[in-house]
$ cat final01.pdb   # PDB, C-alpha atoms
ATOM      1  CA  MET Q 292      24.025  -6.456  14.181
ATOM      2  CA  ILE Q 293      22.243  -9.787  14.199
ATOM      3  CA  ASN Q 294      20.845 -11.000  10.894
ATOM      4  CA  LEU Q 295      17.249 -11.768  11.794
ATOM      5  CA  ALA Q 296      16.221 -12.451   8.197
ATOM      6  CA  ALA Q 297      18.612 -15.382   8.035
ATOM      7  CA  GLY Q 298      16.993 -16.935  11.114
ATOM      8  CA  LYS Q 299      14.655 -19.891  11.225
ATOM      9  CA  CYS Q 300      11.500 -20.057  13.273
ATOM     10  CA  VAL Q 301      11.871 -22.354  16.241
ATOM     11  CA  PRO Q 302       8.935 -24.586  17.129
ATOM     12  CA  CYS Q 303       6.832 -22.723  19.631
ATOM     13  CA  ARG Q 304       4.365 -24.807  21.602
ATOM     14  CA  GLY Q 305       3.318 -22.205  24.135
ATOM     15  CA  GLY Q 306       4.168 -22.407  27.813
ATOM     16  CA  GLU Q 307       6.977 -19.950  27.232
ATOM     17  CA  PRO Q 308       6.291 -16.261  27.928
ATOM     18  CA  ALA Q 309       5.802 -13.615  25.254
ATOM     19  CA  LEU Q 310       8.717 -11.232  24.794
ATOM     20  CA  THR Q 311       8.975  -8.449  27.352
ATOM     21  CA  ASP Q 312       8.746  -4.785  26.363
ATOM     22  CA  ALA Q 313      12.526  -4.465  26.722
ATOM     23  CA  GLU Q 314      13.152  -7.476  24.481
ATOM     24  CA  ILE Q 315      10.664  -6.093  21.942
ATOM     25  CA  ALA Q 316      12.312  -2.669  21.935
ATOM     26  CA  ASP Q 317      15.682  -4.301  21.309
ATOM     27  CA  LEU Q 318      14.480  -6.528  18.441
ATOM     28  CA  GLN Q 319      12.437  -3.729  16.908
ATOM     29  CA  LEU Q 320      15.646  -1.866  16.106
ATOM     30  CA  HIS Q 321      16.255  -4.532  13.460
ATOM     31  CA  VAL Q 322      12.854  -4.155  11.806
ATOM     32  CA  SER Q 323      12.303  -0.457  12.313
ATOM     33  CA  GLN Q 324       9.621  -0.104   9.652
ATOM     34  CA  TRP Q 325       7.254  -2.322  11.622
ATOM     35  CA  GLN Q 326       4.833  -0.730  14.057
ATOM     36  CA  LEU Q 327       3.714  -2.218  17.327
ATOM     37  CA  LYS Q 328      -0.029  -2.671  17.399
ATOM     38  CA  GLU Q 329      -2.212  -4.055  20.161
ATOM     39  CA  VAL Q 330      -5.412  -5.959  19.361
ATOM     40  CA  ASP Q 331      -7.461  -7.295  22.279
ATOM     41  CA  GLY Q 332      -4.478  -6.838  24.554
ATOM     42  CA  ILE Q 333      -2.192  -8.866  22.283
ATOM     43  CA  LYS Q 334       0.825  -7.172  20.719
ATOM     44  CA  ARG Q 335       1.433  -7.551  16.982
ATOM     45  CA  LEU Q 336       3.979  -6.255  14.495
ATOM     46  CA  GLU Q 337       2.448  -4.503  11.494
ATOM     47  CA  ARG Q 338       3.823  -3.067   8.280
ATOM     48  CA  ILE Q 339       1.974  -1.705   5.252
ATOM     49  CA  PHE Q 340       3.640  -2.272   1.879
ATOM     50  CA  LYS Q 341       2.555  -0.051  -1.037
ATOM     51  CA  PHE Q 342       2.262  -1.141  -4.673
ATOM     52  CA  LYS Q 343       1.277   0.645  -7.872
ATOM     53  CA  ASN Q 344      -0.082  -2.508  -9.422
ATOM     54  CA  TYR Q 345      -2.512  -5.116  -8.092
ATOM     55  CA  LEU Q 346      -0.683  -8.150  -9.466
ATOM     56  CA  GLU Q 347       2.564  -7.068  -7.812
ATOM     57  CA  ALA Q 348       0.708  -6.860  -4.512
ATOM     58  CA  VAL Q 349      -0.755 -10.334  -5.120
ATOM     59  CA  ALA Q 350       2.683 -11.752  -5.954
ATOM     60  CA  PHE Q 351       4.133 -10.267  -2.765
ATOM     61  CA  ALA Q 352       1.299 -11.713  -0.656
ATOM     62  CA  ASN Q 353       2.034 -15.114  -2.204
ATOM     63  CA  LYS Q 354       5.740 -14.878  -1.454
ATOM     64  CA  ILE Q 355       4.937 -14.178   2.189
ATOM     65  CA  ALA Q 356       2.404 -17.016   2.279
ATOM     66  CA  MET Q 357       4.890 -19.534   0.864
ATOM     67  CA  THR Q 358       7.564 -18.537   3.382
ATOM     68  CA  ALA Q 359       4.968 -18.659   6.161
ATOM     69  CA  GLU Q 360       4.018 -22.199   5.206
ATOM     70  CA  LYS Q 361       7.668 -23.244   5.005
ATOM     71  CA  GLU Q 362       8.413 -21.838   8.453
ATOM     72  CA  ASP Q 363       5.045 -23.034   9.799
ATOM     73  CA  HIS Q 364       4.316 -19.569  11.137
ATOM     74  CA  HIS Q 365       1.405 -17.791   9.499
ATOM     75  CA  PRO Q 366       0.692 -14.059   9.547
ATOM     76  CA  LEU Q 367      -2.393 -12.029   8.886
ATOM     77  CA  ILE Q 368      -2.145 -10.629   5.362
ATOM     78  CA  VAL Q 369      -4.559  -7.980   4.091
ATOM     79  CA  LEU Q 370      -4.514  -7.711   0.315
ATOM     80  CA  GLU Q 371      -6.110  -4.631  -1.251
ATOM     81  CA  TRP Q 372      -5.578  -2.652  -4.431
ATOM     82  CA  GLY Q 373      -2.333  -0.755  -3.892
ATOM     83  CA  ARG Q 374      -1.245  -2.314  -0.657
ATOM     84  CA  VAL Q 375      -0.497  -5.339   1.435
ATOM     85  CA  THR Q 376      -0.718  -5.086   5.213
ATOM     86  CA  VAL Q 377       1.102  -7.766   7.175
ATOM     87  CA  GLN Q 378       0.784  -8.561  10.872
ATOM     88  CA  TRP Q 379       2.946 -11.032  12.751
ATOM     89  CA  TRP Q 380       2.285 -12.316  16.250
ATOM     90  CA  THR Q 381       2.254 -15.667  18.022
ATOM     91  CA  HIS Q 382      -1.098 -17.045  19.141
ATOM     92  CA  VAL Q 383       0.265 -19.538  21.665
ATOM     93  CA  VAL Q 384       2.298 -16.966  23.585
ATOM     94  CA  LYS Q 385      -0.487 -14.370  23.235
ATOM     95  CA  GLY Q 386       1.993 -11.802  22.035
ATOM     96  CA  LEU Q 387       5.304 -11.463  20.279
ATOM     97  CA  HIS Q 388       7.947 -14.177  20.009
ATOM     98  CA  LYS Q 389      11.378 -13.888  18.425
ATOM     99  CA  ASN Q 390       9.885 -15.861  15.504
ATOM    100  CA  ASP Q 391       7.725 -12.829  14.676
ATOM    101  CA  PHE Q 392      10.772 -10.619  14.338
ATOM    102  CA  ILE Q 393      12.516 -13.220  12.200
ATOM    103  CA  MET Q 394       9.468 -13.361   9.925
ATOM    104  CA  ALA Q 395       9.169  -9.547   9.816
ATOM    105  CA  ALA Q 396      12.818  -9.348   8.713
ATOM    106  CA  LYS Q 397      12.235 -12.040   6.073
ATOM    107  CA  THR Q 398       9.169 -10.105   4.867
ATOM    108  CA  ASP Q 399      11.285  -6.947   4.511
ATOM    109  CA  GLU Q 400      13.818  -8.905   2.509
ATOM    110  CA  MET Q 401      11.113 -10.260   0.170
ATOM    111  CA  PHE Q 402       9.896  -6.710  -0.423
ATOM    112  CA  GLY Q 403      13.445  -5.926  -1.498
TER     113      GLY Q 403
ATOM    114  CA  MET F 108     -33.993 -15.758  -9.711
ATOM    115  CA  ILE F 109     -31.324 -13.658 -11.383
ATOM    116  CA  ASN F 110     -27.933 -15.253 -11.858
ATOM    117  CA  LEU F 111     -25.634 -12.698 -10.295
ATOM    118  CA  ALA F 112     -22.555 -14.880 -10.577
ATOM    119  CA  ALA F 113     -22.834 -14.853 -14.364
ATOM    120  CA  GLY F 114     -22.838 -11.044 -14.409
ATOM    121  CA  LYS F 115     -19.991  -8.772 -15.431
ATOM    122  CA  CYS F 116     -18.947  -5.698 -13.546
ATOM    123  CA  VAL F 117     -19.929  -2.546 -15.362
ATOM    124  CA  PRO F 118     -17.444   0.320 -15.374
ATOM    125  CA  CYS F 119     -18.249   2.500 -12.410
ATOM    126  CA  ARG F 120     -16.800   5.993 -12.502
ATOM    127  CA  GLY F 121     -18.657   7.466  -9.574
ATOM    128  CA  GLY F 122     -21.279  10.160  -9.894
ATOM    129  CA  GLU F 123     -23.950   7.507  -9.579
ATOM    130  CA  PRO F 124     -25.454   6.897  -6.145
ATOM    131  CA  ALA F 125     -24.703   3.876  -3.968
ATOM    132  CA  LEU F 126     -27.500   1.312  -3.758
ATOM    133  CA  THR F 127     -30.338   2.162  -1.403
ATOM    134  CA  ASP F 128     -31.173  -0.011   1.596
ATOM    135  CA  ALA F 129     -34.143  -1.467  -0.305
ATOM    136  CA  GLU F 130     -31.980  -2.359  -3.303
ATOM    137  CA  ILE F 131     -29.394  -3.887  -0.980
ATOM    138  CA  ALA F 132     -32.011  -5.970   0.832
ATOM    139  CA  ASP F 133     -33.281  -7.265  -2.503
ATOM    140  CA  LEU F 134     -29.841  -8.193  -3.856
ATOM    141  CA  GLN F 135     -28.732  -9.673  -0.555
ATOM    142  CA  LEU F 136     -31.278 -12.453  -0.974
ATOM    143  CA  HIS F 137     -29.032 -13.794  -3.721
ATOM    144  CA  VAL F 138     -25.878 -13.812  -1.576
ATOM    145  CA  SER F 139     -27.379 -14.629   1.775
ATOM    146  CA  GLN F 140     -24.144 -15.777   3.367
ATOM    147  CA  TRP F 141     -22.685 -12.290   3.123
ATOM    148  CA  GLN F 142     -23.097  -9.900   6.034
ATOM    149  CA  LEU F 143     -23.583  -6.180   5.763
ATOM    150  CA  LYS F 144     -20.845  -4.333   7.569
ATOM    151  CA  GLU F 145     -20.343  -0.611   7.960
ATOM    152  CA  VAL F 146     -16.845   0.873   8.204
ATOM    153  CA  ASP F 147     -16.542   4.654   8.568
ATOM    154  CA  GLY F 148     -20.139   5.031   7.417
ATOM    155  CA  ILE F 149     -19.511   3.011   4.240
ATOM    156  CA  LYS F 150     -21.410  -0.233   3.737
ATOM    157  CA  ARG F 151     -19.494  -3.369   2.738
ATOM    158  CA  LEU F 152     -20.381  -6.989   2.095
ATOM    159  CA  GLU F 153     -18.349  -9.462   4.136
ATOM    160  CA  ARG F 154     -18.052 -13.223   4.212
ATOM    161  CA  ILE F 155     -15.607 -15.428   6.100
ATOM    162  CA  PHE F 156     -14.561 -18.656   4.370
ATOM    163  CA  LYS F 157     -13.066 -21.420   6.533
ATOM    164  CA  PHE F 158     -10.297 -23.813   5.495
ATOM    165  CA  LYS F 159      -8.511 -26.689   7.228
ATOM    166  CA  ASN F 160      -5.323 -26.105   5.318
ATOM    167  CA  TYR F 161      -3.288 -22.944   4.736
ATOM    168  CA  LEU F 162      -2.452 -23.648   1.096
ATOM    169  CA  GLU F 163      -6.134 -24.120   0.241
ATOM    170  CA  ALA F 164      -6.850 -20.730   1.778
ATOM    171  CA  VAL F 165      -3.990 -19.218  -0.237
ATOM    172  CA  ALA F 166      -5.280 -20.810  -3.454
ATOM    173  CA  PHE F 167      -8.765 -19.434  -2.796
ATOM    174  CA  ALA F 168      -7.406 -15.930  -2.145
ATOM    175  CA  ASN F 169      -5.538 -16.157  -5.457
ATOM    176  CA  LYS F 170      -8.643 -17.226  -7.357
ATOM    177  CA  ILE F 171     -10.501 -14.218  -5.992
ATOM    178  CA  ALA F 172      -7.591 -11.911  -6.817
ATOM    179  CA  MET F 173      -7.401 -13.139 -10.420
ATOM    180  CA  THR F 174     -11.139 -12.644 -10.940
ATOM    181  CA  ALA F 175     -10.913  -9.230  -9.289
ATOM    182  CA  GLU F 176      -8.166  -8.182 -11.690
ATOM    183  CA  LYS F 177     -10.127  -9.487 -14.667
ATOM    184  CA  GLU F 178     -13.251  -7.574 -13.644
ATOM    185  CA  ASP F 179     -11.188  -4.562 -12.551
ATOM    186  CA  HIS F 180     -12.941  -4.561  -9.200
ATOM    187  CA  HIS F 181     -10.750  -5.339  -6.217
ATOM    188  CA  PRO F 182     -11.886  -6.478  -2.775
ATOM    189  CA  LEU F 183     -10.237  -6.500   0.599
ATOM    190  CA  ILE F 184      -8.966 -10.014   1.278
ATOM    191  CA  VAL F 185      -7.697 -11.052   4.699
ATOM    192  CA  LEU F 186      -5.663 -14.236   4.558
ATOM    193  CA  GLU F 187      -4.975 -16.047   7.820
ATOM    194  CA  TRP F 188      -4.359 -19.648   8.837
ATOM    195  CA  GLY F 189      -7.728 -21.358   8.542
ATOM    196  CA  ARG F 190      -9.685 -18.596   6.935
ATOM    197  CA  VAL F 191     -10.110 -16.004   4.247
ATOM    198  CA  THR F 192     -12.253 -12.947   4.921
ATOM    199  CA  VAL F 193     -13.497 -11.074   1.867
ATOM    200  CA  GLN F 194     -15.068  -7.615   1.746
ATOM    201  CA  TRP F 195     -16.600  -6.040  -1.331
ATOM    202  CA  TRP F 196     -17.612  -2.420  -1.680
ATOM    203  CA  THR F 197     -17.186   0.351  -4.219
ATOM    204  CA  HIS F 198     -14.930   3.254  -3.286
ATOM    205  CA  VAL F 199     -16.261   5.696  -5.866
ATOM    206  CA  VAL F 200     -19.880   5.371  -4.791
ATOM    207  CA  LYS F 201     -18.860   5.252  -1.114
ATOM    208  CA  GLY F 202     -20.982   2.190  -0.565
ATOM    209  CA  LEU F 203     -22.414  -0.789  -2.375
ATOM    210  CA  HIS F 204     -22.908  -1.066  -6.122
ATOM    211  CA  LYS F 205     -24.491  -3.933  -8.011
ATOM    212  CA  ASN F 206     -20.939  -4.880  -9.023
ATOM    213  CA  ASP F 207     -20.258  -5.838  -5.392
ATOM    214  CA  PHE F 208     -23.120  -8.304  -5.393
ATOM    215  CA  ILE F 209     -21.968  -9.749  -8.705
ATOM    216  CA  MET F 210     -18.475 -10.226  -7.250
ATOM    217  CA  ALA F 211     -19.845 -11.699  -4.006
ATOM    218  CA  ALA F 212     -21.827 -14.237  -6.062
ATOM    219  CA  LYS F 213     -18.727 -15.048  -8.134
ATOM    220  CA  THR F 214     -16.739 -15.489  -4.906
ATOM    221  CA  ASP F 215     -19.347 -17.948  -3.597
ATOM    222  CA  GLU F 216     -19.093 -19.875  -6.839
ATOM    223  CA  MET F 217     -15.293 -20.072  -6.581
ATOM    224  CA  PHE F 218     -15.625 -21.444  -3.058
ATOM    225  CA  GLY F 219     -17.806 -24.118  -4.560
TER     226      GLY F 219
END

$ encode --input "final01.pdb" --output "structure tokens"
Amino acid sequence: MINLAAGKCVPCRGGEPALTDAEIADLQLHVSQWQLKEVDGIKRLERIFKFKNYLEAVAFANKIAMTAEKEDHHPLIVLEWGRVTVQWWTHVVKGLHKNDFIMAAKTDEMFG
Amino acid sequence: MINLAAGKCVPCRGGEPALTDAEIADLQLHVSQWQLKEVDGIKRLERIFKFKNYLEAVAFANKIAMTAEKEDHHPLIVLEWGRVTVQWWTHVVKGLHKNDFIMAAKTDEMFG
């Protein structure tokens, strides 16, 4: 099994196609707790992480943000009392890129 | 003009009614950059804050989160590259409470 979480985002300048449904289905096996979601025709990966404590949720959101900045790939993070919702997708390919799966796997790892 | 930003959230245990439309209209004058939004029949205050830098957006989200924890009133914060969207409402009154306007004014002040 490939270790997505150990991957690095590759620079993605657009021009390349988004992943196909078959490629998505294959990669999704590695991040099975993420749901496929479509917003305005653009596929995203989404996972909701639950917390019993606000500050733990805040700390988790910060961990994701710091990794996002390091990899120069930034998700949508929704921070609420009790939960953090994370969505990964790639603007320039208008859909999902392998980078999104790498980041989803890294997010899982940060959740522990 | 009342200084909402200097206010403190009062404990809100439910049982009291949400603000009326007239009360909302009056308080909204003090936080005029916030839009009224209705989600599942529940009114919320929303404002989108723009940033040119991800880490500034992250720092702003953290400031809001720390104030939220201190006041024991927690918003929905959406953190993305370039912007932070904040929504305030009060679950237990299923709508808007004066606390939400106090927190919106405090959020404006943190944005500076």

$ resolve_selection --input "final01.pdb" --expression "the PyMOL selection byres ((chain Q) within 9 of (chain F))" --output "mmCIF file with C-alpha atoms, in the coordinates of the input"
data_model
loop_
_atom_site.group_PDB
_atom_site.id
_atom_site.type_symbol
_atom_site.label_atom_id
_atom_site.label_comp_id
_atom_site.auth_asym_id
_atom_site.auth_seq_id
_atom_site.Cartn_x
_atom_site.Cartn_y
_atom_site.Cartn_z
ATOM 1 C CA TYR Q 345 -2.512 -5.116 -8.092
ATOM 2 C CA LEU Q 346 -0.683 -8.150 -9.466
ATOM 3 C CA VAL Q 349 -0.755 -10.334 -5.120
ATOM 4 C CA ASN Q 353 2.034 -15.114 -2.204
ATOM 5 C CA ALA Q 356 2.404 -17.016 2.279
ATOM 6 C CA MET Q 357 4.890 -19.534 0.864
ATOM 7 C CA GLU Q 360 4.018 -22.199 5.206
ATOM 8 C CA HIS Q 364 4.316 -19.569 11.137
ATOM 9 C CA HIS Q 365 1.405 -17.791 9.499
ATOM 10 C CA PRO Q 366 0.692 -14.059 9.547
ATOM 11 C CA LEU Q 367 -2.393 -12.029 8.886
ATOM 12 C CA ILE Q 368 -2.145 -10.629 5.362
ATOM 13 C CA VAL Q 369 -4.559 -7.980 4.091
ATOM 14 C CA LEU Q 370 -4.514 -7.711 0.315
ATOM 15 C CA GLU Q 371 -6.110 -4.631 -1.251
ATOM 16 C CA TRP Q 372 -5.578 -2.652 -4.431
#

$ resolve_selection --input "final01.pdb" --expression "the PyMOL selection byres ((chain Q and resi 319-330) around 12)" --output "MDAnalysis selection string"
chainID Q and resid 292:296 310:318 331:340 376:380 382 385:389 391:400

$ atom_distance --input "final01.pdb" --atom1 "CA of Met217 in chain F" --atom2 "CA of Lys159 in chain F"
16.7 Å

$ atom_distance --input "final01.pdb" --atom1 "CA of Glu123 in chain F" --atom2 "CA of Glu178 in chain F"
18.9 Å

$ atom_distance --input "final01.pdb" --atom1 "CA of Asn390 in chain Q" --atom2 "CA of Cys300 in chain Q"
5.0 Å

$ closest_residue --input "final01.pdb" --among "F:Cys119, F:Ala113, F:Ile171, F:Ala125" --to "Val200 in chain F" --atoms "all atoms listed in the file"
F:Ala125

$ axis_aligned_box --input "final01.pdb" --around "range 181-198 of chain F" --padding-each-side "6 Å" --output "AutoDock Vina command-line options"
--center_x -11.0 --center_y -9.1 --center_z 1.3 --size_x 25.3 --size_y 36.6 --size_z 27.1

$ decode --input "final01.pdb" --residues "range 328-339 of chain Q" --atoms "N, CA, C and O atoms" --output "PDB file, in the first residue's frame"
ATOM      1  N   LYS Q 328     -17.355  15.101  -2.293  1.00  0.00           N
ATOM      2  CA  LYS Q 328     -18.403  16.110  -2.259  1.00  0.00           C
ATOM      3  C   LYS Q 328     -18.271  16.939  -3.523  1.00  0.00           C
ATOM      4  O   LYS Q 328     -17.156  17.164  -3.980  1.00  0.00           O
ATOM      5  N   GLU Q 329     -19.372  17.369  -4.101  1.00  0.00           N
ATOM      6  CA  GLU Q 329     -19.264  18.185  -5.302  1.00  0.00           C
ATOM      7  C   GLU Q 329     -19.885  19.543  -5.029  1.00  0.00           C
ATOM      8  O   GLU Q 329     -21.026  19.635  -4.583  1.00  0.00           O
ATOM      9  N   VAL Q 330     -19.129  20.599  -5.246  1.00  0.00           N
ATOM     10  CA  VAL Q 330     -19.635  21.968  -5.053  1.00  0.00           C
ATOM     11  C   VAL Q 330     -19.435  22.713  -6.368  1.00  0.00           C
ATOM     12  O   VAL Q 330     -18.313  22.819  -6.865  1.00  0.00           O
ATOM     13  N   ASP Q 331     -20.534  23.195  -6.933  1.00  0.00           N
ATOM     14  CA  ASP Q 331     -20.481  23.883  -8.232  1.00  0.00           C
ATOM     15  C   ASP Q 331     -19.739  23.054  -9.278  1.00  0.00           C
ATOM     16  O   ASP Q 331     -18.917  23.571 -10.045  1.00  0.00           O
ATOM     17  N   GLY Q 332     -20.021  21.769  -9.269  1.00  0.00           N
ATOM     18  CA  GLY Q 332     -19.446  20.886 -10.287  1.00  0.00           C
ATOM     19  C   GLY Q 332     -17.984  20.508 -10.051  1.00  0.00           C
ATOM     20  O   GLY Q 332     -17.367  19.839 -10.877  1.00  0.00           O
ATOM     21  N   ILE Q 333     -17.442  20.961  -8.909  1.00  0.00           N
ATOM     22  CA  ILE Q 333     -16.031  20.678  -8.616  1.00  0.00           C
ATOM     23  C   ILE Q 333     -15.929  19.705  -7.439  1.00  0.00           C
ATOM     24  O   ILE Q 333     -16.483  19.953  -6.374  1.00  0.00           O
ATOM     25  N   LYS Q 334     -15.246  18.591  -7.686  1.00  0.00           N
ATOM     26  CA  LYS Q 334     -15.133  17.561  -6.642  1.00  0.00           C
ATOM     27  C   LYS Q 334     -14.178  17.994  -5.533  1.00  0.00           C
ATOM     28  O   LYS Q 334     -13.132  18.597  -5.794  1.00  0.00           O
ATOM     29  N   ARG Q 335     -14.557  17.670  -4.300  1.00  0.00           N
ATOM     30  CA  ARG Q 335     -13.709  17.935  -3.133  1.00  0.00           C
ATOM     31  C   ARG Q 335     -13.691  16.698  -2.245  1.00  0.00           C
ATOM     32  O   ARG Q 335     -14.617  15.892  -2.284  1.00  0.00           O
ATOM     33  N   LEU Q 336     -12.665  16.597  -1.433  1.00  0.00           N
ATOM     34  CA  LEU Q 336     -12.614  15.580  -0.377  1.00  0.00           C
ATOM     35  C   LEU Q 336     -12.995  16.265   0.924  1.00  0.00           C
ATOM     36  O   LEU Q 336     -12.478  17.335   1.228  1.00  0.00           O
ATOM     37  N   GLU Q 337     -13.859  15.634   1.698  1.00  0.00           N
ATOM     38  CA  GLU Q 337     -14.280  16.245   2.971  1.00  0.00           C
ATOM     39  C   GLU Q 337     -14.248  15.222   4.098  1.00  0.00           C
ATOM     40  O   GLU Q 337     -14.690  14.089   3.945  1.00  0.00           O
ATOM     41  N   ARG Q 338     -13.746  15.664   5.240  1.00  0.00           N
ATOM     42  CA  ARG Q 338     -13.866  14.848   6.457  1.00  0.00           C
ATOM     43  C   ARG Q 338     -14.191  15.754   7.639  1.00  0.00           C
ATOM     44  O   ARG Q 338     -13.675  16.872   7.735  1.00  0.00           O
ATOM     45  N   ILE Q 339     -15.061  15.264   8.510  1.00  0.00           N
ATOM     46  CA  ILE Q 339     -15.428  15.998   9.726  1.00  0.00           C
ATOM     47  C   ILE Q 339     -14.733  15.320  10.905  1.00  0.00           C
ATOM     48  O   ILE Q 339     -14.868  14.111  11.094  1.00  0.00           O
TER      49      ILE Q 339
END
